[in-house]
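Colleague: Dropping a structure here in structure tokens format, bear with me for questions.
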Amino acid sequence: MLERPVTNKTCLAVEKLTKRFGAVYALNDVSFDVTAGHIHALIGPNGAGKTTFFNLVTGALPADDGRIVFEGEEISDRRPFRRTLKGIARTFQNIRLFPHLSALETVMIGEHCRSYGSIWQALTSAVLHKPFNEAREERRMRENALELLEFFGLAGKHHTKASDLPYGDQRRLEMARALATQPRLLLLDEPAAGMNPHETVELDELIIRLRDRGITIILVEHDMRLVMDISDRITVLNFGTKIADGAPDDIQKNPTVIEAYLGEDVPL
Amino acid sequence: MLGGWIDNYTQSVLIFTGINIIAAYSFFAPFKTGQVSLGQAGFMAVGAYASAVLTQKFGFPFIVSLPVAGLFAGIVGVMVGFPALRIRGVYLLLLTLGFAEIVQVIVLSWDYVGGAQGYRNIPFNPNTLGYVAVVIIALIVFFGRLERASLGRAMDSIHQDETAAEAMGIDVVRIKLFAFGAGAVIAGIAGGLYAHQATYIDSTTFNVMLAVEILTYVVVGGGSTYWGPLAGATVLTLLPEFLRTLREWLELVPVAWTDFFPMNRIYDFLYGFLDFENAKRLIVYGLILILMMIVRPDGLVTRDSLMRLHFLRWTARHA
């Protein structure tokens with residue numbers, strides 16, 4: 001296993017991030033830094049703005065106000081696919097796989113943006129390569145994809161249609177697809193949702209292995225055991241506002257956090 | 001070229017089947033990225049009129065005017081494609097429909113291209129069948145390669161989940177625009193081929209019904225693989241020919257079998273029904289469409305069925 005890189009470099013910094021839906025503030029003036037190489041958990045009751053935060057960072061939604069800085073470069077105005085090219089990848093809370101593509105093809109979609117710089121490159125490679133002879137790039141992509149599928153425990157399922165996979169496999173396939181884009185920051189939106197306890201334990205190890213590969217991870221998760229076990233740092237949101245930010249031990253003792261979770265059946 | 005060994009009637013049936021296949025592929029290209037266009041007839045009109053003007057008024061040979069007409073339709077396609085990028089589903093349908101209507105009104109009121117009288121005396125191209133064959137082969141090779149390449153997969157992923165595709169680093173805007181433009185080029189070529197075969201076109205030649213027929217070809221044939229448009233356009237265009245043959249067979253039924261009630265009524269109805277005219281063809285199309293939606297909503301040829309067919313060979317080669 002790789003030695004875990006110890007740095008104090010900031011991977012992602014958000015400053016005064018704000019998003020309104022009508023009169024409702026989904027995120028209000030949220031600022032925090034994510035240190036490179038950390039597993040940074042983002043927790044909070046339902047509707048606290050966690051998924052909105054992901055959508056703003058990946059560009060799926062435009063922010064109303066504030067700045068998003070990734071590795072020292074402001075990316076607030078960039079289109080989603082440009083941010084992926086910069087090195088930010090995500091998974092979705094409600095799984096969004098391509099239902100008719102096989103597991104292998106799904107992962108190869110993630111690799112597309114690294115293999116072909118522009119549509120013209122992709123087009124000429126598609127149309128002009130030698131007849132009945134597979135392009136070298138395609139073979140390389142498939143080998144990479146098979147490796148990734150194996151890493152995520154999906155070996156042997158590469159020809160199964162994404163929609164035919166069991167739920168836990170679909171979650172892992174989403175992670176494999178995100179990883180295929182070669183991210184340096186990975187946003188995981190409730191990766192343990194719908195997984196059984198055994199699968200969740202495996203997920204622990206998986207996420208730690210990803211971090212040990214040098215990938216910074218932001219984790220939105222309701223499974224507090226998972227969050228407290230593996231996080232290096234935790235940010236707590238409530239009603240779109242940051243109410244706490246610190247190490248797992250501090251968060252567990254924080255009175256504001258406990259108050260925010262009162263009435264919810266979540267053991268801290 | 002081939003006129004020596006097939007009669008004129010067969011040749012013309014083959015040519016119009018071929019043009020329909022090309023038109024079906026023009027619908028298939030944007031459809032591969034999830035864009036449903038009812039404007040393909042409009043792009044055909046652009047290509048047809050462009051090629052007619054180039055050959056008749058400027059004296060270009062057909063071999064030059066055809067690709068130029070396709071390119072011109074493609075430029076128009078990209079211009080329509082830009083606003084079409086932001087909208088989806090039924091709204092895109094309406095936008096493309098609106099475009100086709102605009103084209104119709106322009107050619108109807110523009111005297112330079114014949115206006116309401118239509119465009120007459122377009123130079124006849126005796127080799128259309130050869131051109132059609134070459135274009136279809138090129139399209140099959142193109143879409144076949146696309147389907148096996150990363151770009152084709154990227155297009156499929158956009159069709160299935162645009163947000164997820166964009167999040168995976170795929171330049172959704174550019175790929176959709178490319179697909180729309182490619183569809184327009186193909187439609188323009190289909191239009192150009194049509195113009196020089198029919199030698200007369202007017203504003204009603206490329207109407208909404210044609211756009212719906214093109215859509216039907218792909219829906220019936222199947223939009224998930226590149227064999228679908230070929231299968232759909234072939235089956236539906238040749239259907240009247242099949243039914244006409246059926247009618248000839250019906251005449252062979254002995255009179256004694258059908259000389260009593262209710263057989264005589266059924267016989268008369270069938271005999272009349274199989275007399276294929278335009279209006280009845282559309283009724284049959286409608287019935288086929290409804291039937292397909294019920295029994296085989298993904299079309300005649302689907303990606304899954306092809307995958308099952310190729311599965312063993314595929315795994316042997318790639319596992």
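Residues are referred to by chain and number: the chain letter is A, B, ... according to the order shown in the structure tokens, the number counts from 1 in that chain, and ligands are numbered separately from 1 in the order shown.
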For the strand (DSSP E) assignment from backbone DSSP, which residues of stretch 16-252 of chain A qualify? Please present them as number ranges by chain.
Modeller: A: 16-21, 24-35, 39-43, 65-70, 73-74, 88-90, 185-189, 216-220, 233-238, 241-246
Colleague: Would you write out those residues with C-alpha atoms, as a PDB file, in the first residue's frame?
Modeller:
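Contents of the output file out09.pdb:
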```pdb
ATOM      1  CA  LYS A  16     -19.346  32.513   0.549  1.00  0.00           C
ATOM      2  CA  LEU A  17     -21.142  29.976  -1.609  1.00  0.00           C
ATOM      3  CA  THR A  18     -24.845  30.785  -1.933  1.00  0.00           C
ATOM      4  CA  LYS A  19     -27.693  29.118  -3.800  1.00  0.00           C
ATOM      5  CA  ARG A  20     -31.344  30.138  -3.642  1.00  0.00           C
ATOM      6  CA  PHE A  21     -34.372  28.239  -4.906  1.00  0.00           C
ATOM      7  CA  VAL A  24     -35.385  29.324   0.089  1.00  0.00           C
ATOM      8  CA  TYR A  25     -31.654  29.362   0.715  1.00  0.00           C
ATOM      9  CA  ALA A  26     -30.371  25.900  -0.159  1.00  0.00           C
ATOM     10  CA  LEU A  27     -26.889  27.155   0.684  1.00  0.00           C
ATOM     11  CA  ASN A  28     -26.195  30.402   2.476  1.00  0.00           C
ATOM     12  CA  ASP A  29     -22.744  31.938   2.679  1.00  0.00           C
ATOM     13  CA  VAL A  30     -20.916  28.652   3.092  1.00  0.00           C
ATOM     14  CA  SER A  31     -17.115  28.801   3.237  1.00  0.00           C
ATOM     15  CA  PHE A  32     -14.655  26.039   4.004  1.00  0.00           C
ATOM     16  CA  ASP A  33     -11.471  24.450   2.726  1.00  0.00           C
ATOM     17  CA  VAL A  34     -10.823  20.836   1.850  1.00  0.00           C
ATOM     18  CA  THR A  35      -7.257  19.709   2.428  1.00  0.00           C
ATOM     19  CA  ILE A  39     -11.513  12.325   3.429  1.00  0.00           C
ATOM     20  CA  HIS A  40     -13.736  15.276   4.181  1.00  0.00           C
ATOM     21  CA  ALA A  41     -17.264  14.403   5.266  1.00  0.00           C
ATOM     22  CA  LEU A  42     -20.193  16.699   4.714  1.00  0.00           C
ATOM     23  CA  ILE A  43     -23.061  15.891   7.036  1.00  0.00           C
ATOM     24  CA  ASP A  65     -22.987  33.919  -5.264  1.00  0.00           C
ATOM     25  CA  GLY A  66     -19.539  32.978  -4.040  1.00  0.00           C
ATOM     26  CA  ARG A  67     -16.393  31.426  -5.419  1.00  0.00           C
ATOM     27  CA  ILE A  68     -15.255  27.840  -5.955  1.00  0.00           C
ATOM     28  CA  VAL A  69     -11.487  27.463  -6.145  1.00  0.00           C
ATOM     29  CA  PHE A  70      -9.992  24.110  -7.166  1.00  0.00           C
ATOM     30  CA  GLU A  73      -7.837  28.107  -9.835  1.00  0.00           C
ATOM     31  CA  GLU A  74     -11.292  29.601  -9.807  1.00  0.00           C
ATOM     32  CA  ILE A  88     -13.344  16.758 -10.171  1.00  0.00           C
ATOM     33  CA  ALA A  89     -15.573  13.682 -10.436  1.00  0.00           C
ATOM     34  CA  ARG A  90     -18.743  12.706  -8.645  1.00  0.00           C
ATOM     35  CA  LEU A 185     -11.128  15.257  -6.080  1.00  0.00           C
ATOM     36  CA  LEU A 186     -13.940  12.733  -5.803  1.00  0.00           C
ATOM     37  CA  LEU A 187     -17.387  13.691  -4.529  1.00  0.00           C
ATOM     38  CA  LEU A 188     -19.301  10.720  -3.150  1.00  0.00           C
ATOM     39  CA  ASP A 189     -23.007  11.353  -2.588  1.00  0.00           C
ATOM     40  CA  THR A 216      -9.130  13.825  -2.059  1.00  0.00           C
ATOM     41  CA  ILE A 217     -12.636  12.738  -1.152  1.00  0.00           C
ATOM     42  CA  ILE A 218     -15.694  14.706  -0.106  1.00  0.00           C
ATOM     43  CA  LEU A 219     -18.230  12.352   1.365  1.00  0.00           C
ATOM     44  CA  VAL A 220     -21.910  13.010   1.924  1.00  0.00           C
ATOM     45  CA  ARG A 233     -12.453  16.257   8.844  1.00  0.00           C
ATOM     46  CA  ILE A 234     -16.167  16.934   9.004  1.00  0.00           C
ATOM     47  CA  THR A 235     -18.244  19.927   7.978  1.00  0.00           C
ATOM     48  CA  VAL A 236     -21.809  20.111   9.277  1.00  0.00           C
ATOM     49  CA  LEU A 237     -24.551  21.907   7.365  1.00  0.00           C
ATOM     50  CA  ASN A 238     -28.018  22.753   8.623  1.00  0.00           C
ATOM     51  CA  THR A 241     -25.637  27.185   6.711  1.00  0.00           C
ATOM     52  CA  LYS A 242     -22.367  25.812   8.023  1.00  0.00           C
ATOM     53  CA  ILE A 243     -22.783  25.165  11.740  1.00  0.00           C
ATOM     54  CA  ALA A 244     -19.585  23.297  12.537  1.00  0.00           C
ATOM     55  CA  ASP A 245     -16.276  22.300  11.005  1.00  0.00           C
ATOM     56  CA  GLY A 246     -13.620  20.135  12.632  1.00  0.00           C
TER      57      GLY A 246
END
```
Colleague: Counting only C-alpha atoms, give me one row per residue of chain A with an atom at most 8 Å from an atom of chain B, showing the shortest contact pair and its distance in Å to one decimal, sorted by chain then residue number, as CSV.
Modeller:
```
residue,atom,partner,partner_atom,distance
A:Thr58,CA,B:Ala167,CA,7.2
A:Ala60,CA,B:Thr163,CA,7.4
A:Pro80,CA,B:Ala167,CA,5.9
A:Phe81,CA,B:Gly169,CA,4.0
A:Arg82,CA,B:Gly169,CA,6.7
A:Arg83,CA,B:Gly169,CA,7.7
A:Thr84,CA,B:Gly169,CA,5.0
A:Leu85,CA,B:Gly169,CA,5.9
A:Ala89,CA,B:Met168,CA,7.0
A:Arg90,CA,B:Ala167,CA,7.2
A:Arg96,CA,B:Ala164,CA,6.3
A:Leu97,CA,B:Ala164,CA,7.3
A:Phe98,CA,B:Gln160,CA,5.5
A:Pro99,CA,B:Gln160,CA,6.9
A:His100,CA,B:Gln160,CA,7.6
A:Leu101,CA,B:Ser157,CA,7.8
A:Glu105,CA,B:Arg153,CA,7.4
A:Met108,CA,B:Ser150,CA,7.7
A:Ile109,CA,B:Ala154,CA,6.1
A:Gly110,CA,B:Met168,CA,5.3
A:His112,CA,B:Ser150,CA,6.4
A:Cys113,CA,B:Gly169,CA,5.4
A:Ile119,CA,B:Ile175,CA,6.9
A:Ala122,CA,B:Leu151,CA,5.7
A:Leu123,CA,B:Leu151,CA,6.5
A:Ser125,CA,B:Ala149,CA,7.9
A:Ala126,CA,B:Ala149,CA,5.2
A:Val127,CA,B:Arg145,CA,5.8
A:Glu138,CA,B:Ser150,CA,7.3
A:Arg177,CA,B:Met168,CA,7.7
A:Ala178,CA,B:Met168,CA,6.6
A:Thr181,CA,B:Met168,CA,6.6
```
Colleague: Take the residues just selected and output them with N, CA and C atoms as an mmCIF file, in the first residue's frame.
Modeller:
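The result, written out as selection27.cif:
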```
data_model
loop_
_atom_site.group_PDB
_atom_site.id
_atom_site.type_symbol
_atom_site.label_atom_id
_atom_site.label_comp_id
_atom_site.auth_asym_id
_atom_site.auth_seq_id
_atom_site.Cartn_x
_atom_site.Cartn_y
_atom_site.Cartn_z
ATOM 1 N N THR A 58 -19.700 20.734 -8.918
ATOM 2 C CA THR A 58 -19.506 20.088 -10.223
ATOM 3 C C THR A 58 -20.076 20.908 -11.369
ATOM 4 N N ALA A 60 -23.296 21.355 -12.038
ATOM 5 C CA ALA A 60 -24.613 20.923 -12.505
ATOM 6 C C ALA A 60 -25.643 22.031 -12.294
ATOM 7 N N PRO A 80 -19.715 22.028 -16.581
ATOM 8 C CA PRO A 80 -19.457 20.806 -15.805
ATOM 9 C C PRO A 80 -18.356 19.923 -16.386
ATOM 10 N N PHE A 81 -18.363 19.707 -17.720
ATOM 11 C CA PHE A 81 -17.375 18.765 -18.258
ATOM 12 C C PHE A 81 -15.963 19.329 -18.151
ATOM 13 N N ARG A 82 -15.833 20.686 -18.171
ATOM 14 C CA ARG A 82 -14.507 21.293 -17.998
ATOM 15 C C ARG A 82 -13.997 21.024 -16.586
ATOM 16 N N ARG A 83 -14.909 21.060 -15.614
ATOM 17 C CA ARG A 83 -14.489 20.800 -14.231
ATOM 18 C C ARG A 83 -14.048 19.355 -14.091
ATOM 19 N N THR A 84 -14.740 18.440 -14.791
ATOM 20 C CA THR A 84 -14.322 17.041 -14.760
ATOM 21 C C THR A 84 -12.924 16.910 -15.353
ATOM 22 N N LEU A 85 -12.669 17.650 -16.455
ATOM 23 C CA LEU A 85 -11.342 17.603 -17.067
ATOM 24 C C LEU A 85 -10.286 18.140 -16.111
ATOM 25 N N ALA A 89 -14.585 14.659 -9.988
ATOM 26 C CA ALA A 89 -15.573 13.682 -10.436
ATOM 27 C C ALA A 89 -16.561 13.427 -9.316
ATOM 28 N N ARG A 90 -17.716 12.895 -9.658
ATOM 29 C CA ARG A 90 -18.743 12.706 -8.645
ATOM 30 C C ARG A 90 -19.524 11.418 -8.875
ATOM 31 N N ARG A 96 -27.257 7.390 -11.202
ATOM 32 C CA ARG A 96 -27.497 7.805 -12.585
ATOM 33 C C ARG A 96 -26.517 7.114 -13.504
ATOM 34 N N LEU A 97 -26.762 5.824 -13.743
ATOM 35 C CA LEU A 97 -25.943 5.096 -14.705
ATOM 36 C C LEU A 97 -26.620 5.178 -16.061
ATOM 37 N N PHE A 98 -25.919 4.723 -17.097
ATOM 38 C CA PHE A 98 -26.523 4.672 -18.422
ATOM 39 C C PHE A 98 -27.159 3.296 -18.558
ATOM 40 N N PRO A 99 -28.495 3.202 -18.468
ATOM 41 C CA PRO A 99 -29.134 1.891 -18.277
ATOM 42 C C PRO A 99 -28.824 0.869 -19.358
ATOM 43 N N HIS A 100 -28.617 1.305 -20.612
ATOM 44 C CA HIS A 100 -28.445 0.323 -21.676
ATOM 45 C C HIS A 100 -26.986 0.009 -21.984
ATOM 46 N N LEU A 101 -26.064 0.647 -21.272
ATOM 47 C CA LEU A 101 -24.656 0.337 -21.519
ATOM 48 C C LEU A 101 -24.207 -0.758 -20.555
ATOM 49 N N GLU A 105 -18.674 -0.734 -20.767
ATOM 50 C CA GLU A 105 -18.877 0.473 -21.559
ATOM 51 C C GLU A 105 -19.068 1.691 -20.664
ATOM 52 N N MET A 108 -15.828 2.898 -19.605
ATOM 53 C CA MET A 108 -15.114 3.480 -20.746
ATOM 54 C C MET A 108 -15.640 4.882 -21.090
ATOM 55 N N ILE A 109 -16.902 5.160 -20.762
ATOM 56 C CA ILE A 109 -17.430 6.517 -20.927
ATOM 57 C C ILE A 109 -16.615 7.484 -20.066
ATOM 58 N N GLY A 110 -16.305 7.062 -18.840
ATOM 59 C CA GLY A 110 -15.501 7.901 -17.962
ATOM 60 C C GLY A 110 -14.126 8.185 -18.544
ATOM 61 N N HIS A 112 -13.408 8.406 -21.716
ATOM 62 C CA HIS A 112 -13.478 9.104 -23.010
ATOM 63 C C HIS A 112 -12.771 10.458 -22.964
ATOM 64 N N CYS A 113 -13.039 11.246 -21.912
ATOM 65 C CA CYS A 113 -12.529 12.618 -21.874
ATOM 66 C C CYS A 113 -11.020 12.654 -21.724
ATOM 67 N N ILE A 119 -13.725 16.518 -30.040
ATOM 68 C CA ILE A 119 -14.651 15.670 -30.791
ATOM 69 C C ILE A 119 -14.039 15.281 -32.131
ATOM 70 N N ALA A 122 -11.857 12.361 -31.621
ATOM 71 C CA ALA A 122 -12.673 11.172 -31.401
ATOM 72 C C ALA A 122 -13.289 10.704 -32.711
ATOM 73 N N LEU A 123 -13.710 11.677 -33.534
ATOM 74 C CA LEU A 123 -14.369 11.332 -34.800
ATOM 75 C C LEU A 123 -13.387 10.688 -35.771
ATOM 76 N N SER A 125 -10.648 9.207 -35.081
ATOM 77 C CA SER A 125 -10.253 7.900 -34.569
ATOM 78 C C SER A 125 -11.346 6.877 -34.832
ATOM 79 N N ALA A 126 -12.614 7.330 -34.715
ATOM 80 C CA ALA A 126 -13.723 6.399 -34.906
ATOM 81 C C ALA A 126 -13.847 5.986 -36.361
ATOM 82 N N VAL A 127 -13.687 6.944 -37.281
ATOM 83 C CA VAL A 127 -14.040 6.686 -38.674
ATOM 84 C C VAL A 127 -12.841 6.281 -39.517
ATOM 85 N N GLU A 138 -8.641 2.263 -28.156
ATOM 86 C CA GLU A 138 -9.790 1.527 -27.634
ATOM 87 C C GLU A 138 -9.343 0.374 -26.742
ATOM 88 N N ARG A 177 -16.844 4.444 -12.623
ATOM 89 C CA ARG A 177 -17.002 5.366 -13.753
ATOM 90 C C ARG A 177 -16.389 6.724 -13.415
ATOM 91 N N ALA A 178 -16.651 7.192 -12.183
ATOM 92 C CA ALA A 178 -16.094 8.484 -11.770
ATOM 93 C C ALA A 178 -14.570 8.402 -11.731
ATOM 94 N N THR A 181 -12.370 8.907 -14.882
ATOM 95 C CA THR A 181 -12.047 10.242 -15.381
ATOM 96 C C THR A 181 -10.763 10.769 -14.752
#
```
Colleague: For B:Gly228, find every residue with an atom within 8 Å (counting only C-alpha atoms), except residues of its own chain fewer than 2 positions away, and show them as a ChimeraX atom specification.
Modeller: /B:218,220-226,230-232,299-302
Colleague: Emit the selected residues as a PDB file, in the first residue's frame, including N, CA and C atoms.
Modeller:
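File again-v1.pdb, as written:
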```pdb
ATOM      1  N   VAL B 218     -37.430   4.916 -38.273  1.00  0.00           N
ATOM      2  CA  VAL B 218     -36.466   4.635 -37.215  1.00  0.00           C
ATOM      3  C   VAL B 218     -37.158   3.994 -36.012  1.00  0.00           C
ATOM      4  N   VAL B 220     -39.847   2.083 -36.093  1.00  0.00           N
ATOM      5  CA  VAL B 220     -40.175   0.701 -36.433  1.00  0.00           C
ATOM      6  C   VAL B 220     -38.903  -0.140 -36.551  1.00  0.00           C
ATOM      7  N   GLY B 221     -37.882   0.418 -37.175  1.00  0.00           N
ATOM      8  CA  GLY B 221     -36.647  -0.339 -37.369  1.00  0.00           C
ATOM      9  C   GLY B 221     -35.867  -0.507 -36.082  1.00  0.00           C
ATOM     10  N   GLY B 222     -35.906   0.506 -35.240  1.00  0.00           N
ATOM     11  CA  GLY B 222     -35.156   0.454 -33.992  1.00  0.00           C
ATOM     12  C   GLY B 222     -34.073   1.514 -33.972  1.00  0.00           C
ATOM     13  N   GLY B 223     -34.062   2.320 -32.913  1.00  0.00           N
ATOM     14  CA  GLY B 223     -33.121   3.440 -32.855  1.00  0.00           C
ATOM     15  C   GLY B 223     -31.891   3.171 -32.021  1.00  0.00           C
ATOM     16  N   SER B 224     -31.743   1.940 -31.513  1.00  0.00           N
ATOM     17  CA  SER B 224     -30.625   1.694 -30.610  1.00  0.00           C
ATOM     18  C   SER B 224     -29.406   1.146 -31.338  1.00  0.00           C
ATOM     19  N   THR B 225     -29.557   0.780 -32.597  1.00  0.00           N
ATOM     20  CA  THR B 225     -28.414   0.304 -33.357  1.00  0.00           C
ATOM     21  C   THR B 225     -28.514   0.802 -34.792  1.00  0.00           C
ATOM     22  N   TYR B 226     -27.391   0.849 -35.479  1.00  0.00           N
ATOM     23  CA  TYR B 226     -27.394   1.446 -36.810  1.00  0.00           C
ATOM     24  C   TYR B 226     -28.069   0.582 -37.861  1.00  0.00           C
ATOM     25  N   LEU B 230     -32.008   1.182 -41.413  1.00  0.00           N
ATOM     26  CA  LEU B 230     -31.983   0.414 -42.662  1.00  0.00           C
ATOM     27  C   LEU B 230     -33.169  -0.540 -42.708  1.00  0.00           C
ATOM     28  N   ALA B 231     -33.374  -1.293 -41.615  1.00  0.00           N
ATOM     29  CA  ALA B 231     -34.466  -2.264 -41.574  1.00  0.00           C
ATOM     30  C   ALA B 231     -35.817  -1.563 -41.677  1.00  0.00           C
ATOM     31  N   GLY B 232     -36.003  -0.505 -40.895  1.00  0.00           N
ATOM     32  CA  GLY B 232     -37.294   0.178 -40.862  1.00  0.00           C
ATOM     33  C   GLY B 232     -37.659   0.783 -42.199  1.00  0.00           C
ATOM     34  N   GLY B 299     -38.230  -1.420 -31.443  1.00  0.00           N
ATOM     35  CA  GLY B 299     -37.994  -1.548 -32.874  1.00  0.00           C
ATOM     36  C   GLY B 299     -37.642  -2.968 -33.285  1.00  0.00           C
ATOM     37  N   LEU B 300     -37.576  -3.181 -34.596  1.00  0.00           N
ATOM     38  CA  LEU B 300     -37.312  -4.518 -35.124  1.00  0.00           C
ATOM     39  C   LEU B 300     -35.931  -5.015 -34.720  1.00  0.00           C
ATOM     40  N   VAL B 301     -34.926  -4.169 -34.939  1.00  0.00           N
ATOM     41  CA  VAL B 301     -33.553  -4.566 -34.612  1.00  0.00           C
ATOM     42  C   VAL B 301     -33.115  -3.779 -33.384  1.00  0.00           C
ATOM     43  N   THR B 302     -32.832  -4.456 -32.297  1.00  0.00           N
ATOM     44  CA  THR B 302     -32.393  -3.736 -31.100  1.00  0.00           C
ATOM     45  C   THR B 302     -30.972  -4.122 -30.748  1.00  0.00           C
TER      46      THR B 302
END
```
Colleague: Can you list, as a PyMOL selection string, every protein, DNA or RNA residue that comes within 10 Å of A:Ala155 when you count only C-alpha atoms, leaving out same-chain residues fewer than 6 positions away?
Modeller: chain A and resi 103-104+146-149
Colleague: Smallest atom-to-atom distance to B:Ile186: which of B:Leu287, B:Ile6, B:Ala23, B:Ile137, using only C-alpha atoms?
Modeller: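 Looking at the shortest contact to B:Ile186, the residue is B:Ala23.
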Colleague: Which residues are close to B:Ile122, i.e. within 8 Å by only C-alpha atoms, leaving aside same-chain residues fewer than 6 positions away? Reply as a PyMOL selection string.
Modeller: chain B and resi 52+55-56+195-196+199-200
Colleague: Mind writing the picked residues with C-alpha atoms as a PDB file, in the first residue's frame?
Modeller:
```pdb
ATOM      1  CA  ALA B  52     -31.409  21.999 -58.119  1.00  0.00           C
ATOM      2  CA  THR B  55     -27.090  22.383 -61.403  1.00  0.00           C
ATOM      3  CA  GLN B  56     -29.853  24.143 -63.306  1.00  0.00           C
ATOM      4  CA  ALA B 195     -34.609  16.249 -56.661  1.00  0.00           C
ATOM      5  CA  HIS B 196     -32.607  14.867 -59.575  1.00  0.00           C
ATOM      6  CA  THR B 199     -36.961  16.328 -61.623  1.00  0.00           C
ATOM      7  CA  TYR B 200     -39.806  18.282 -60.061  1.00  0.00           C
TER       8      TYR B 200
END
```
Colleague: Please list as a PyMOL selection string every residue within 9 Å of B:Ile75, counting only C-alpha atoms and excluding residues in the same chain fewer than 4 positions away.
Modeller: chain B and resi 70-71+79-80+181+184-185
Colleague: Considering only alpha helix (DSSP H) as DSSP defines it on the backbone, what residues of stretch 11-136 of chain A qualify? List them as a PyMOL selection string.
Modeller: chain A and resi 50-58+80-86+103-115+119-128+136
Colleague: Next, dump the selected residues to file, keeping only C-alpha atoms, as a short mmCIF file (atom, residue, chain, number, x, y, z; two decimals), in the first residue's frame.
Modeller:
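Output saved as again-v4.cif:
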```cif
data_model
loop_
_atom_site.label_atom_id
_atom_site.label_comp_id
_atom_site.auth_asym_id
_atom_site.auth_seq_id
_atom_site.Cartn_x
_atom_site.Cartn_y
_atom_site.Cartn_z
CA LYS A 50 -25.35 18.74 0.89
CA THR A 51 -26.38 17.58 -2.56
CA THR A 52 -26.82 21.20 -3.65
CA PHE A 53 -23.22 21.76 -2.59
CA PHE A 54 -22.15 18.88 -4.87
CA ASN A 55 -24.20 20.27 -7.73
CA LEU A 56 -22.56 23.67 -7.35
CA VAL A 57 -19.02 22.28 -7.15
CA THR A 58 -19.51 20.09 -10.22
CA PRO A 80 -19.46 20.81 -15.80
CA PHE A 81 -17.38 18.77 -18.26
CA ARG A 82 -14.51 21.29 -18.00
CA ARG A 83 -14.49 20.80 -14.23
CA THR A 84 -14.32 17.04 -14.76
CA LEU A 85 -11.34 17.60 -17.07
CA LYS A 86 -9.74 19.70 -14.31
CA ALA A 103 -20.58 -2.18 -17.02
CA LEU A 104 -17.48 -2.14 -19.19
CA GLU A 105 -18.88 0.47 -21.56
CA THR A 106 -19.99 2.58 -18.62
CA VAL A 107 -16.46 2.79 -17.26
CA MET A 108 -15.11 3.48 -20.75
CA ILE A 109 -17.43 6.52 -20.93
CA GLY A 110 -15.50 7.90 -17.96
CA GLU A 111 -12.26 7.39 -19.85
CA HIS A 112 -13.48 9.10 -23.01
CA CYS A 113 -12.53 12.62 -21.87
CA ARG A 114 -8.95 11.53 -21.08
CA SER A 115 -8.48 9.61 -24.32
CA ILE A 119 -14.65 15.67 -30.79
CA TRP A 120 -12.60 15.82 -34.02
CA GLN A 121 -9.97 13.58 -32.54
CA ALA A 122 -12.67 11.17 -31.40
CA LEU A 123 -14.37 11.33 -34.80
CA THR A 124 -11.26 10.72 -36.88
CA SER A 125 -10.25 7.90 -34.57
CA ALA A 126 -13.72 6.40 -34.91
CA VAL A 127 -14.04 6.69 -38.67
CA LEU A 128 -10.54 6.58 -40.09
CA ARG A 136 -5.02 0.88 -30.10
#
```
Colleague: Grab the atom CA of A:Ile95 to atom CA of A:Ala176 distance for me, in Å with one decimal place.
Modeller: 12.8 Å
Colleague: Atom CA of B:Ala198 and atom CA of B:Gly98 are how many Å apart?
Modeller: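 For atom CA of B:Ala198 relative to atom CA of B:Gly98, the distance reads 25.7 Å.
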Colleague: Expressed in Å to a single decimal, how great is the separation between atom CA of B:Gly77 and atom CA of B:Ala182?
Modeller: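 These two atoms are separated by 8.1 Å.
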